[in-house]
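A.B. asks: Take a look at start_19.cif, mmCIF, C-alpha atoms (C1' of nucleotides):
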```cif
data_input
#
loop_
_atom_site.label_atom_id
_atom_site.label_comp_id
_atom_site.auth_asym_id
_atom_site.auth_seq_id
_atom_site.Cartn_x
_atom_site.Cartn_y
_atom_site.Cartn_z
CA MET Z 93 216.09 206.42 114.62
CA ARG Z 94 212.78 205.00 115.72
CA SER Z 95 210.23 207.22 114.11
CA GLN Z 96 212.62 207.84 111.31
CA THR Z 97 212.43 204.20 110.41
CA ALA Z 98 208.72 204.27 110.82
CA GLN Z 99 208.56 207.34 108.70
CA GLN Z 100 210.51 205.56 106.07
CA ALA Z 101 208.12 202.68 106.19
CA THR Z 102 205.21 204.78 105.07
CA THR Z 103 207.27 206.86 102.74
CA VAL Z 104 209.17 204.55 100.46
CA THR Z 105 206.33 204.28 98.07
CA VAL Z 106 205.87 201.31 95.84
CA ALA Z 107 206.29 203.67 92.95
CA ARG Z 108 206.37 201.32 89.99
CA ARG Z 109 203.03 201.73 88.29
CA PRO Z 110 200.82 202.17 91.31
CA SER Z 111 198.16 200.39 89.33
CA VAL Z 112 195.75 200.97 92.16
CA ASP Z 113 195.22 204.14 94.01
CA GLU Z 114 194.98 203.79 97.75
CA SER Z 115 191.67 205.58 97.87
CA GLN Z 116 190.09 202.98 95.63
CA LEU Z 117 190.57 200.18 98.05
CA GLY Z 118 187.80 200.97 100.48
CA ALA Z 119 185.27 198.76 98.80
CA TRP Z 120 187.78 196.00 98.40
CA ARG Z 121 188.69 196.03 102.06
CA ALA Z 122 185.10 196.09 103.15
CA PHE Z 123 184.44 193.15 100.89
CA ILE Z 124 187.29 191.05 102.24
CA GLN Z 125 186.91 191.86 105.84
CA THR Z 126 183.19 191.61 106.01
CA HIS Z 127 183.26 188.29 104.31
CA ALA Z 128 185.82 186.87 106.69
CA ARG Z 129 184.05 188.02 109.80
CA LEU Z 130 180.58 187.18 108.64
CA LEU Z 131 181.34 183.70 107.44
CA HIS Z 132 183.23 182.99 110.58
CA ARG Z 133 180.26 184.04 112.62
CA LEU Z 134 177.75 182.08 110.62
CA ASP Z 135 179.90 178.99 110.78
CA GLU Z 136 180.23 179.35 114.49
CA GLU Z 137 176.51 179.65 115.02
CA LEU Z 138 175.67 176.79 112.72
CA GLN Z 139 178.26 174.59 114.32
CA ALA Z 140 177.08 175.40 117.80
CA ALA Z 141 173.41 174.92 117.05
CA HIS Z 142 173.51 171.96 114.69
CA GLY Z 143 177.02 170.57 114.48
CA LEU Z 144 177.30 171.43 110.81
CA SER Z 145 179.88 173.47 109.00
CA VAL Z 146 178.69 175.89 106.36
CA ALA Z 147 180.29 173.67 103.72
CA GLU Z 148 178.33 170.68 104.93
CA TYR Z 149 175.19 172.72 105.10
CA ASP Z 150 175.70 173.92 101.60
CA ALA Z 151 176.30 170.43 100.29
CA LEU Z 152 173.14 169.14 101.96
CA LEU Z 153 171.24 172.05 100.52
CA GLN Z 154 172.47 171.43 97.01
CA LEU Z 155 171.46 167.81 97.27
CA ALA Z 156 168.10 168.65 98.74
CA VAL Z 157 167.11 170.96 95.95
CA ALA Z 158 168.48 168.75 93.21
CA PRO Z 159 166.16 166.56 91.16
CA GLU Z 160 165.68 163.27 93.02
CA ARG Z 161 167.69 164.75 95.82
CA ARG Z 162 170.86 163.38 94.35
CA LEU Z 163 173.85 164.69 92.46
CA ARG Z 164 176.95 163.45 90.76
CA MET Z 165 180.01 164.03 92.91
CA SER Z 166 181.64 166.34 90.42
CA VAL Z 167 178.54 168.46 90.05
CA LEU Z 168 178.25 168.76 93.77
CA ALA Z 169 181.90 169.73 93.94
CA ASP Z 170 181.30 172.56 91.51
CA ARG Z 171 178.29 173.82 93.37
CA VAL Z 172 179.89 173.97 96.76
CA LEU Z 173 183.15 175.27 95.32
CA LEU Z 174 185.30 172.41 96.47
CA SER Z 175 187.91 170.26 94.76
CA ARG Z 176 187.09 166.70 93.76
CA SER Z 177 188.98 165.25 96.66
CA GLY Z 178 187.43 167.78 98.95
CA ILE Z 179 183.96 166.70 98.01
CA THR Z 180 184.84 163.03 98.35
CA ARG Z 181 185.82 163.64 101.92
CA LEU Z 182 182.98 165.92 102.77
CA VAL Z 183 180.52 163.35 101.47
CA ASP Z 184 182.38 160.69 103.45
CA ARG Z 185 181.63 162.62 106.60
CA LEU Z 186 178.00 163.11 105.71
CA VAL Z 187 177.64 159.42 104.91
CA ALA Z 188 179.22 158.50 108.21
CA ASP Z 189 176.64 160.69 109.87
CA GLY Z 190 173.80 159.08 108.00
CA MET Z 191 172.82 162.25 106.20
CA VAL Z 192 173.84 161.10 102.76
CA GLU Z 193 174.04 157.86 100.83
CA ARG Z 194 176.31 156.91 97.98
CA SER Z 195 175.22 154.99 94.95
CA VAL Z 196 176.70 154.12 91.63
CA CYS Z 197 175.56 156.20 88.73
CA PRO Z 198 173.32 154.03 86.56
CA THR Z 199 174.36 155.62 83.29
CA ASP Z 200 178.07 155.73 83.99
CA ALA Z 201 179.70 153.16 86.18
CA ARG Z 202 182.66 155.39 86.84
CA GLY Z 203 180.61 157.96 88.60
CA SER Z 204 178.98 157.89 91.96
CA MET Z 205 176.07 159.87 93.18
CA ALA Z 206 175.35 161.32 96.56
CA THR Z 207 171.77 161.23 97.75
CA ILE Z 208 170.55 163.06 100.80
CA THR Z 209 168.68 160.84 103.25
CA GLN Z 210 165.54 161.70 105.13
CA ALA Z 211 167.67 162.24 108.21
CA GLY Z 212 169.78 164.61 106.20
CA VAL Z 213 166.76 166.53 105.07
CA SER Z 214 165.53 166.92 108.62
CA ARG Z 215 168.89 168.04 109.81
CA LEU Z 216 169.14 170.50 106.96
CA ARG Z 217 165.69 171.83 107.60
CA ALA Z 218 166.51 172.50 111.21
CA ALA Z 219 169.86 174.03 110.36
CA SER Z 220 168.38 176.25 107.71
CA ARG Z 221 166.52 178.25 110.28
CA THR Z 222 169.66 179.05 112.14
CA HIS Z 223 171.60 179.79 109.01
CA LEU Z 224 169.07 181.88 107.15
CA ASP Z 225 168.31 183.70 110.30
CA GLY Z 226 171.94 184.63 110.58
CA VAL Z 227 172.07 185.74 106.98
CA ARG Z 228 169.07 187.91 107.54
CA ARG Z 229 170.19 189.44 110.80
CA TYR Z 230 173.74 190.19 109.84
CA PHE Z 231 173.47 190.76 106.15
CA LEU Z 232 170.01 191.44 104.80
CA ASP Z 233 168.90 193.62 107.66
CA ALA Z 234 171.96 195.80 107.30
CA VAL Z 235 171.73 196.27 103.56
CA THR Z 236 168.88 198.11 101.94
CA ALA Z 237 167.04 196.66 98.98
CA ASP Z 238 168.64 199.16 96.66
CA GLU Z 239 172.05 198.30 97.92
CA GLN Z 240 171.35 194.63 97.49
CA VAL Z 241 170.56 195.21 93.89
CA VAL Z 242 173.81 197.03 93.36
CA ILE Z 243 175.78 194.33 95.14
CA GLU Z 244 174.21 191.56 93.17
CA ARG Z 245 174.80 193.29 89.88
CA SER Z 246 178.32 194.49 90.45
CA LEU Z 247 179.68 191.42 92.19
CA GLY Z 248 177.93 189.31 89.62
CA ARG Z 249 179.90 191.14 87.03
CA VAL Z 250 183.11 190.42 88.89
CA ASN Z 251 182.14 186.81 89.10
CA ASP Z 252 181.48 186.59 85.41
CA GLY Z 253 184.83 188.13 84.75
CA LEU Z 254 186.43 185.25 86.60
CA THR Z 255 184.67 182.32 85.05
CA GLY Z 256 185.14 183.04 81.41
CA SER Z 257 181.37 183.01 81.26
CA ALA Z 258 178.00 182.45 82.79
CA ILE Z 259 177.98 179.87 85.52
CA GLY Z 260 177.11 182.65 87.86
CA ALA Z 261 173.36 182.37 87.60
CA ASP Z 262 173.12 178.82 88.87
CA SER Z 263 174.68 177.82 92.17
CA SER Z 264 172.84 178.83 95.27
CA CYS Z 265 175.67 178.96 97.74
CA SER Z 266 174.21 178.42 101.17
CA GLY Z 267 171.19 180.19 99.89
CA ALA Z 268 167.68 179.22 98.91
CA LEU Z 269 165.71 177.05 101.17
CA GLU Z 270 162.81 175.04 100.07
CA VAL Z 271 163.49 171.60 101.27
CA MET T 481 158.53 158.64 89.83
CA ARG T 482 161.46 160.68 88.80
CA SER T 483 160.14 164.15 88.34
CA GLN T 484 157.56 163.52 90.98
CA THR T 485 160.24 163.09 93.59
CA ALA T 486 162.04 166.05 92.17
CA GLN T 487 158.88 168.00 92.30
CA GLN T 488 158.52 167.10 95.91
CA ALA T 489 162.02 168.20 96.63
CA THR T 490 161.28 171.72 95.60
CA THR T 491 157.82 171.70 97.03
CA VAL T 492 158.08 170.63 100.62
CA THR T 493 158.74 174.14 101.73
CA VAL T 494 160.64 174.92 104.85
CA ALA T 495 157.48 176.64 106.01
CA ARG T 496 158.33 177.45 109.60
CA ARG T 497 158.95 181.18 109.65
CA PRO T 498 160.57 181.61 106.26
CA SER T 499 162.60 184.39 107.79
CA VAL T 500 164.17 185.03 104.44
CA ASP T 501 162.44 185.25 101.17
CA GLU T 502 164.10 183.40 98.34
CA SER T 503 164.19 186.47 96.14
CA GLN T 504 166.25 188.33 98.69
CA LEU T 505 169.19 186.01 98.43
CA GLY T 506 170.63 187.19 95.15
CA ALA T 507 173.00 189.66 96.73
CA TRP T 508 174.00 187.16 99.34
CA ARG T 509 174.83 184.53 96.77
CA ALA T 510 176.78 186.93 94.64
CA PHE T 511 178.71 187.97 97.70
CA ILE T 512 179.63 184.45 98.75
CA GLN T 513 180.39 183.08 95.38
CA THR T 514 182.34 185.99 94.07
CA HIS T 515 184.45 186.05 97.16
CA ALA T 516 185.30 182.37 96.93
CA ARG T 517 186.24 182.48 93.29
CA LEU T 518 188.09 185.73 93.42
CA LEU T 519 190.19 184.93 96.45
CA HIS T 520 191.04 181.59 95.00
CA ARG T 521 192.21 183.23 91.84
CA LEU T 522 194.25 185.89 93.57
CA ASP T 523 195.89 183.34 95.81
CA GLU T 524 196.75 181.23 92.83
CA GLU T 525 198.33 184.10 90.99
CA LEU T 526 200.26 185.34 93.99
CA GLN T 527 201.49 181.87 94.78
CA ALA T 528 202.58 181.24 91.23
CA ALA T 529 204.36 184.54 90.80
CA HIS T 530 205.90 185.01 94.24
CA GLY T 531 205.39 181.91 96.35
CA LEU T 532 203.29 183.76 98.85
CA SER T 533 199.80 183.03 100.08
CA VAL T 534 197.41 185.91 100.47
CA ALA T 535 197.58 185.44 104.24
CA GLU T 536 201.34 185.75 104.19
CA TYR T 537 201.13 188.72 101.92
CA ASP T 538 198.68 190.38 104.22
CA ALA T 539 200.82 189.73 107.26
CA LEU T 540 203.87 191.20 105.57
CA LEU T 541 201.83 194.19 104.53
CA GLN T 542 200.55 194.81 108.02
CA LEU T 543 204.07 194.68 109.36
CA ALA T 544 205.41 196.91 106.62
CA VAL T 545 202.95 199.68 107.28
CA ALA T 546 203.21 199.44 111.05
CA PRO T 547 205.33 201.91 113.00
CA GLU T 548 208.89 200.60 113.10
CA ARG T 549 207.76 197.82 110.83
CA ARG T 550 206.95 195.63 113.77
CA LEU T 551 203.88 194.43 115.58
CA ARG T 552 202.92 192.43 118.62
CA MET T 553 201.84 188.95 117.69
CA SER T 554 198.34 189.41 118.99
CA VAL T 555 197.84 192.65 117.13
CA LEU T 556 199.03 191.05 113.95
CA ALA T 557 196.65 188.16 114.53
CA ASP T 558 193.76 190.58 114.78
CA ARG T 559 194.71 192.41 111.64
CA VAL T 560 195.05 189.38 109.45
CA LEU T 561 192.03 187.72 111.01
CA LEU T 562 193.84 184.67 112.31
CA SER T 563 193.86 182.88 115.64
CA ARG T 564 196.77 183.28 118.01
CA SER T 565 198.16 179.90 117.16
CA GLY T 566 197.58 180.55 113.51
CA ILE T 567 199.67 183.67 113.60
CA THR T 568 202.42 181.93 115.51
CA ARG T 569 202.70 179.43 112.71
CA LEU T 570 202.40 181.91 109.94
CA VAL T 571 205.17 183.99 111.46
CA ASP T 572 207.21 180.82 111.91
CA ARG T 573 207.07 180.30 108.19
CA LEU T 574 207.97 183.87 107.42
CA VAL T 575 210.88 183.72 109.84
CA ALA T 576 212.09 180.50 108.26
CA ASP T 577 212.04 182.29 104.95
CA GLY T 578 213.97 185.26 106.31
CA MET T 579 211.18 187.71 105.74
CA VAL T 580 210.46 188.37 109.38
CA GLU T 581 212.36 188.44 112.65
CA ARG T 582 211.11 187.79 116.13
CA SER T 583 212.11 189.81 119.16
CA VAL T 584 210.98 190.07 122.72
CA CYS T 585 208.73 192.94 123.55
CA PRO T 586 210.73 195.40 125.63
CA THR T 587 207.79 196.55 127.72
CA ASP T 588 206.29 193.12 128.37
CA ALA T 589 208.53 190.11 128.51
CA ARG T 590 205.67 187.74 127.83
CA GLY T 591 205.06 189.18 124.43
CA SER T 592 207.01 188.85 121.27
CA MET T 593 207.10 191.09 118.28
CA ALA T 594 207.42 190.32 114.63
CA THR T 595 209.51 192.65 112.53
CA ILE T 596 209.62 192.54 108.78
CA THR T 597 213.15 192.32 107.39
CA GLN T 598 214.53 194.13 104.41
CA ALA T 599 214.22 190.94 102.42
CA GLY T 600 210.60 190.76 103.48
CA VAL T 601 209.99 194.29 102.32
CA SER T 602 211.49 193.58 98.94
CA ARG T 603 209.46 190.45 98.54
CA LEU T 604 206.32 192.26 99.58
CA ARG T 605 207.02 195.08 97.20
CA ALA T 606 207.37 192.69 94.31
CA ALA T 607 204.31 190.72 95.32
CA SER T 608 202.21 193.81 95.71
CA ARG T 609 202.33 194.47 92.01
CA THR T 610 200.90 191.10 91.22
CA HIS T 611 198.33 191.29 93.93
CA LEU T 612 197.09 194.80 93.42
CA ASP T 613 197.06 194.22 89.76
CA GLY T 614 194.75 191.30 90.28
CA VAL T 615 192.52 193.30 92.54
CA ARG T 616 192.26 195.96 89.93
CA ARG T 617 191.65 193.72 86.97
CA TYR T 618 189.10 191.46 88.56
CA PHE T 619 187.45 193.72 91.03
CA LEU T 620 187.97 197.42 90.54
CA ASP T 621 187.69 197.37 86.79
CA ALA T 622 184.40 195.52 86.99
CA VAL T 623 182.80 197.76 89.57
CA THR T 624 181.98 201.37 88.86
CA ALA T 625 182.99 204.09 91.28
CA ASP T 626 179.40 204.54 92.37
CA GLU T 627 178.99 200.88 93.03
CA GLN T 628 182.18 200.85 95.02
CA VAL T 629 180.81 203.51 97.26
CA VAL T 630 177.66 201.52 97.85
CA ILE T 631 179.61 198.37 98.55
CA GLU T 632 181.91 200.05 100.98
CA ARG T 633 179.08 201.66 102.86
CA SER T 634 176.72 198.74 103.03
CA LEU T 635 179.25 196.03 103.73
CA GLY T 636 180.88 198.31 106.23
CA ARG T 637 177.56 198.46 107.98
CA VAL T 638 177.38 194.68 108.01
CA ASN T 639 180.86 194.55 109.40
CA ASP T 640 180.06 196.98 112.15
CA GLY T 641 177.05 194.94 113.05
CA LEU T 642 179.34 191.99 113.64
CA THR T 643 182.00 193.56 115.76
CA GLY T 644 179.92 195.21 118.40
CA SER T 645 181.48 198.43 117.16
CA ALA T 646 183.89 200.33 115.01
CA ILE T 647 187.05 198.42 114.28
CA GLY T 648 186.00 198.49 110.69
CA ALA T 649 187.91 201.57 109.75
CA ASP T 650 191.34 200.28 110.63
CA SER T 651 192.62 197.05 109.13
CA SER T 652 193.75 197.20 105.58
CA CYS T 653 193.22 193.62 104.50
CA SER T 654 195.54 192.96 101.63
CA GLY T 655 195.01 196.52 100.67
CA ALA T 656 197.07 199.68 100.78
CA LEU T 657 200.53 199.60 99.45
CA GLU T 658 203.10 202.08 100.37
CA VAL T 659 206.02 200.09 101.49
"C1'" DC O 768 185.74 144.17 69.03
"C1'" DA O 769 190.48 145.48 70.83
"C1'" DT O 770 192.84 149.68 71.75
"C1'" DC O 771 193.69 153.88 73.70
"C1'" DG O 772 193.01 158.78 75.04
"C1'" DG O 773 190.24 161.07 78.22
"C1'" DT O 774 187.15 161.36 82.45
"C1'" DA O 775 185.19 160.26 87.46
"C1'" DG O 776 186.28 159.43 91.76
"C1'" DT O 777 189.35 158.01 95.59
"C1'" DT O 778 193.58 157.91 98.16
"C1'" DG O 779 198.46 159.37 99.99
"C1'" DC O 780 200.84 163.20 101.33
"C1'" DA O 781 201.65 167.97 102.46
"C1'" DT O 782 199.81 172.31 103.98
"C1'" DT O 783 197.31 175.27 106.78
"C1'" DG O 784 194.44 176.32 110.28
"C1'" DT O 785 191.86 175.65 115.03
"C1'" DC O 786 191.24 174.35 119.91
"C1'" DA O 787 192.88 173.14 124.29
"C1'" DA O 788 196.58 172.61 127.37
"C1'" DC O 789 200.55 174.68 128.77
"C1'" DC O 790 204.38 177.93 130.46
"C1'" DA O 791 206.01 182.44 131.51
"C1'" DA O 792 205.39 186.85 132.96
"C1'" DT O 793 202.44 190.71 134.66
"C1'" DG O 794 200.44 193.54 138.01
"C1'" DG O 795 196.76 194.51 141.59
"C1'" DG O 796 195.53 193.38 146.45
"C1'" DC O 797 197.22 192.33 150.73
"C1'" DG B 1344 207.52 192.22 148.70
"C1'" DC B 1345 204.40 188.01 147.74
"C1'" DC B 1346 200.25 185.77 145.73
"C1'" DC B 1347 197.38 184.58 142.22
"C1'" DA B 1348 194.07 185.46 138.58
"C1'" DT B 1349 194.91 187.02 134.04
"C1'" DT B 1350 197.21 187.56 129.75
"C1'" DG B 1351 200.58 186.55 125.68
"C1'" DG B 1352 202.41 183.21 123.14
"C1'" DT B 1353 203.75 178.49 121.84
"C1'" DT B 1354 202.94 173.62 121.26
"C1'" DG B 1355 200.46 169.02 120.42
"C1'" DA B 1356 196.67 166.75 118.54
"C1'" DC B 1357 193.60 167.01 115.06
"C1'" DA B 1358 190.27 168.61 111.11
"C1'" DA B 1359 189.75 170.17 106.48
"C1'" DT B 1360 191.50 170.83 102.05
"C1'" DG B 1361 194.31 170.77 97.76
"C1'" DC B 1362 197.44 168.41 94.43
"C1'" DA B 1363 199.20 164.56 92.23
"C1'" DA B 1364 199.12 159.81 91.40
"C1'" DC B 1365 196.24 155.95 90.82
"C1'" DT B 1366 192.22 152.89 89.38
"C1'" DA B 1367 188.24 151.95 86.87
"C1'" DC B 1368 185.56 152.98 83.25
"C1'" DC B 1369 183.72 155.26 78.96
"C1'" DG B 1370 183.45 155.67 74.07
"C1'" DA B 1371 185.50 156.81 69.56
"C1'" DT B 1372 188.49 154.80 66.16
"C1'" DG B 1373 190.71 151.48 63.48
#
```
What is this file in structure tokens?

C.D. replies:
Amino acid sequence: MRSQTAQQATTVTVARRPSVDESQLGAWRAFIQTHARLLHRLDEELQAAHGLSVAEYDALLQLAVAPERRLRMSVLADRVLLSRSGITRLVDRLVADGMVERSVCPTDARGSMATITQAGVSRLRAASRTHLDGVRRYFLDAVTADEQVVIERSLGRVNDGLTGSAIGADSSCSGALEV
Amino acid sequence: MRSQTAQQATTVTVARRPSVDESQLGAWRAFIQTHARLLHRLDEELQAAHGLSVAEYDALLQLAVAPERRLRMSVLADRVLLSRSGITRLVDRLVADGMVERSVCPTDARGSMATITQAGVSRLRAASRTHLDGVRRYFLDAVTADEQVVIERSLGRVNDGLTGSAIGADSSCSGALEV
DNA sequence: CATCGGTAGTTGCATTGTCAACCAATGGGC
DNA sequence: GCCCATTGGTTGACAATGCAACTACCGATG
């Protein structure tokens, strides 16, 4: 009864329009799993070395590279892929830590802006070494230039397929670092 | 003063061992961003259609394809990339919903096992259509076979670099579906 | 220039996940 | 056979996030 049941488990095929063939899923699995493990690792290292989560790092980065080092809350939310409430709270934390300041938007009194402070910039600058170093060691060093091109193009296409159209080019997701 | 400050923002380079060149980050950004958006979308669709999160789906899947349709808690935790406490709670929810049953491990009284129920299998089977369909539409359809090969190989290499060694091959991360 | 539909951001609540402390059971050394 | 360091799992306290409801404000329209 034991292995019979087990047998059954792998036998009773899903049948109804397989839609996806098992053999096609290799890339998908690699994508999911690698992302999970890698991000976890990077977060760990960044947290240990600088007490920042990757989300916080990313927010600081987006502010740092923005004109005047400040951004409307909603824009920031879009860039770091967080909900409006999520960004409110994340910025709260950064403000509490002295890395960001809030101010009212001059052209629209409803809106507020987050501005990265000098302390924030320093912290970011320090953290960026750790983070980019991790990206390089784990990701860039393991992927050839040719492969990187393929990844960028193909995943970019996936991304575009999700967002109706071209936001893809913009956001720098924990990326660029000239602060 | 405006654009001057802005100018500064993009000028004061990180300098200290750039480590990573800006132009190299395209693949990295595509990777991060596409993952975030895509997973969000898939989770949304799965939740709407079947009231399951991707994590729950994955756990059910892992159980369904396991011998005897059951797994030790710790093994399950590894497969779905969750902490021990995380898996305890996830299984709690599935048990509450009648999709999983707990039993004591016969060979080690400390351990417990999670077994997927028939109801769980049905639910999973239904959900798998939605999920795999999403994977196909958003991911597989947008990535050519050649590109998939490259992705699997290169990201697999990244993954291996993270886990000391070769677990990579195993776990099926929201993937295979023969239930 | 008063009104009103739509937008920006914050807050309450629920969900989900982690870490650390804990209990129970194992199994190797004596 | 009896310890005790180790392991498997659960639980409590807490952090991070999303959604929905709310407030304040904008700006077009009459």

A.B. asks: Mind listing as a VMD selection string which residues of chain Z are within 10 Å of chain B, counting only C-alpha atoms (C1' of nucleotides)?

C.D. replies: chain Z and resid 174 to 179 181 to 182 200 to 203

A.B. asks: Report, in Å to a single decimal, how far apart CA of Asp184 in chain Z and C1' of DG779 in chain O are.

C.D. replies: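 Going from C1' of DG779 in chain O over to CA of Asp184 in chain Z, I get 16.5 Å.
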
A.B. asks: Hey, what's within 10 Å of Leu532 in chain T if we count all atoms listed in the file and toss same-chain stuff fewer than 5 positions away? As a list in words, please?

C.D. replies: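 With the cut-off at 10 Å, the set is Asp523, Glu524, Glu525, Leu526, Gln527, Tyr537, Asp538, Leu574, Arg603, Leu604 and Ala607 of chain T.
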
A.B. asks: Taking all atoms listed in the file into account, produce a table as CSV in which each residue of chain O with an atom at most 10 Å from an atom of chain T appears once, together with its shortest atom pair and the distance in Å to one decimal, ordered by chain and rising number.

C.D. replies:
```
residue,atom,partner,partner_atom,distance
O:DT783,C1',T:Gly566,CA,8.6
O:DG784,C1',T:Gly566,CA,6.2
O:DT785,C1',T:Ser563,CA,7.5
O:DC786,C1',T:Ser565,CA,9.3
O:DA791,C1',T:Arg590,CA,6.5
O:DA792,C1',T:Arg590,CA,5.2
O:DT793,C1',T:Asp588,CA,7.8
```

A.B. asks: Tell me which of T:Leu612, T:Val575, T:Val623, T:Val560 sits closest to Arg129 in chain Z, counting all atoms listed in the file.

C.D. replies: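 Distance minimum relative to Arg129 in chain Z lands on T:Val560.
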
A.B. asks: Counting only C-alpha atoms, figure out which residue out of T:Ala510, T:Ala576, T:Leu519, T:Val584 gets nearest to chain Z.

C.D. replies: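 Checking each candidate against chain Z, we get T:Ala510 as the closest.
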
A.B. asks: Just the number, please: distance in Å from CA of Ser204 in chain Z to C1' of DT774 in chain O, one decimal.

C.D. replies: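 These two atoms are separated by 13.0 Å.
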
A.B. asks: Residue by residue, what does the PyMOL selection byres ((chain Z and resi 193) around 10) grab here? Present the result as a compact mmCIF listing (two decimals) with C-alpha atoms, in the coordinates of the input.

C.D. replies:
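Written file, result31.txt:
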```
# COMPACT_ATOMS: atom_id res chain seq x y z
CA ARG Z 162 170.86 163.38 94.35
CA VAL Z 183 180.52 163.35 101.47
CA ASP Z 184 182.38 160.69 103.45
CA LEU Z 186 178.00 163.11 105.71
CA VAL Z 187 177.64 159.42 104.91
CA ALA Z 188 179.22 158.50 108.21
CA ASP Z 189 176.64 160.69 109.87
CA GLY Z 190 173.80 159.08 108.00
CA MET Z 191 172.82 162.25 106.20
CA VAL Z 192 173.84 161.10 102.76
CA ARG Z 194 176.31 156.91 97.98
CA SER Z 195 175.22 154.99 94.95
CA MET Z 205 176.07 159.87 93.18
CA ALA Z 206 175.35 161.32 96.56
CA THR Z 207 171.77 161.23 97.75
CA ILE Z 208 170.55 163.06 100.80
CA THR Z 209 168.68 160.84 103.25
CA GLY Z 212 169.78 164.61 106.20
```

A.B. asks: Quick one: pull the distance between CA of Ser554 in chain T and CA of Gly118 in chain Z, Å, one decimal.

C.D. replies: 24.2 Å

A.B. asks: Check which residues satisfy the PyMOL selection byres ((chain T and resi 638) around 7) in the file shown, then give them as a short mmCIF file (atom, residue, chain, number, x, y, z; two decimals) with C-alpha atoms, keeping the file's coordinate frame.

C.D. replies:
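Result saved to result01.cif:
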```cif
data_model
loop_
_atom_site.label_atom_id
_atom_site.label_comp_id
_atom_site.auth_asym_id
_atom_site.auth_seq_id
_atom_site.Cartn_x
_atom_site.Cartn_y
_atom_site.Cartn_z
CA THR Z 126 183.19 191.61 106.01
CA TYR Z 230 173.74 190.19 109.84
CA PHE Z 231 173.47 190.76 106.15
CA ALA Z 234 171.96 195.80 107.30
CA SER T 634 176.72 198.74 103.03
CA LEU T 635 179.25 196.03 103.73
CA GLY T 636 180.88 198.31 106.23
CA ARG T 637 177.56 198.46 107.98
CA ASN T 639 180.86 194.55 109.40
CA ASP T 640 180.06 196.98 112.15
CA GLY T 641 177.05 194.94 113.05
CA LEU T 642 179.34 191.99 113.64
#
```

A.B. asks: With distances taken over all atoms listed in the file, which residue among Z:Gln240, Z:Gln210, Z:Ser115, Z:Thr180 lies nearest chain T?

C.D. replies: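 That would be Z:Gln240, the residue with the smallest distance to chain T.
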
A.B. asks: Missing atoms in range 510-522 of chain T need filling: write out N, CA and C atoms for it as a compact mmCIF listing (two decimals), in the coordinates of the input.

C.D. replies:
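Wrote out_2.txt, looks like this:
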```
# COMPACT_ATOMS: atom_id res chain seq x y z
N ALA T 510 175.73 186.28 95.41
CA ALA T 510 176.78 186.93 94.64
C ALA T 510 177.98 187.21 95.55
N PHE T 511 177.68 187.65 96.72
CA PHE T 511 178.71 187.97 97.70
C PHE T 511 179.58 186.74 98.01
N ILE T 512 178.93 185.67 98.38
CA ILE T 512 179.63 184.45 98.75
C ILE T 512 180.42 183.88 97.59
N GLN T 513 179.75 183.74 96.49
CA GLN T 513 180.39 183.08 95.38
C GLN T 513 181.53 183.88 94.78
N THR T 514 181.30 185.15 94.64
CA THR T 514 182.34 185.99 94.07
C THR T 514 183.57 186.00 94.98
N HIS T 515 183.33 186.07 96.25
CA HIS T 515 184.45 186.05 97.16
C HIS T 515 185.27 184.77 97.00
N ALA T 516 184.60 183.65 97.01
CA ALA T 516 185.30 182.37 96.93
C ALA T 516 186.14 182.30 95.67
N ARG T 517 185.52 182.59 94.55
CA ARG T 517 186.24 182.48 93.29
C ARG T 517 187.37 183.48 93.19
N LEU T 518 187.10 184.68 93.57
CA LEU T 518 188.09 185.73 93.42
C LEU T 518 189.31 185.49 94.30
N LEU T 519 189.05 185.17 95.56
CA LEU T 519 190.19 184.93 96.45
C LEU T 519 191.01 183.76 95.98
N HIS T 520 190.33 182.75 95.52
CA HIS T 520 191.04 181.59 95.00
C HIS T 520 191.96 182.01 93.87
N ARG T 521 191.43 182.78 92.97
CA ARG T 521 192.21 183.23 91.84
C ARG T 521 193.40 184.07 92.27
N LEU T 522 193.18 185.02 93.13
CA LEU T 522 194.25 185.89 93.57
C LEU T 522 195.35 185.10 94.28
```
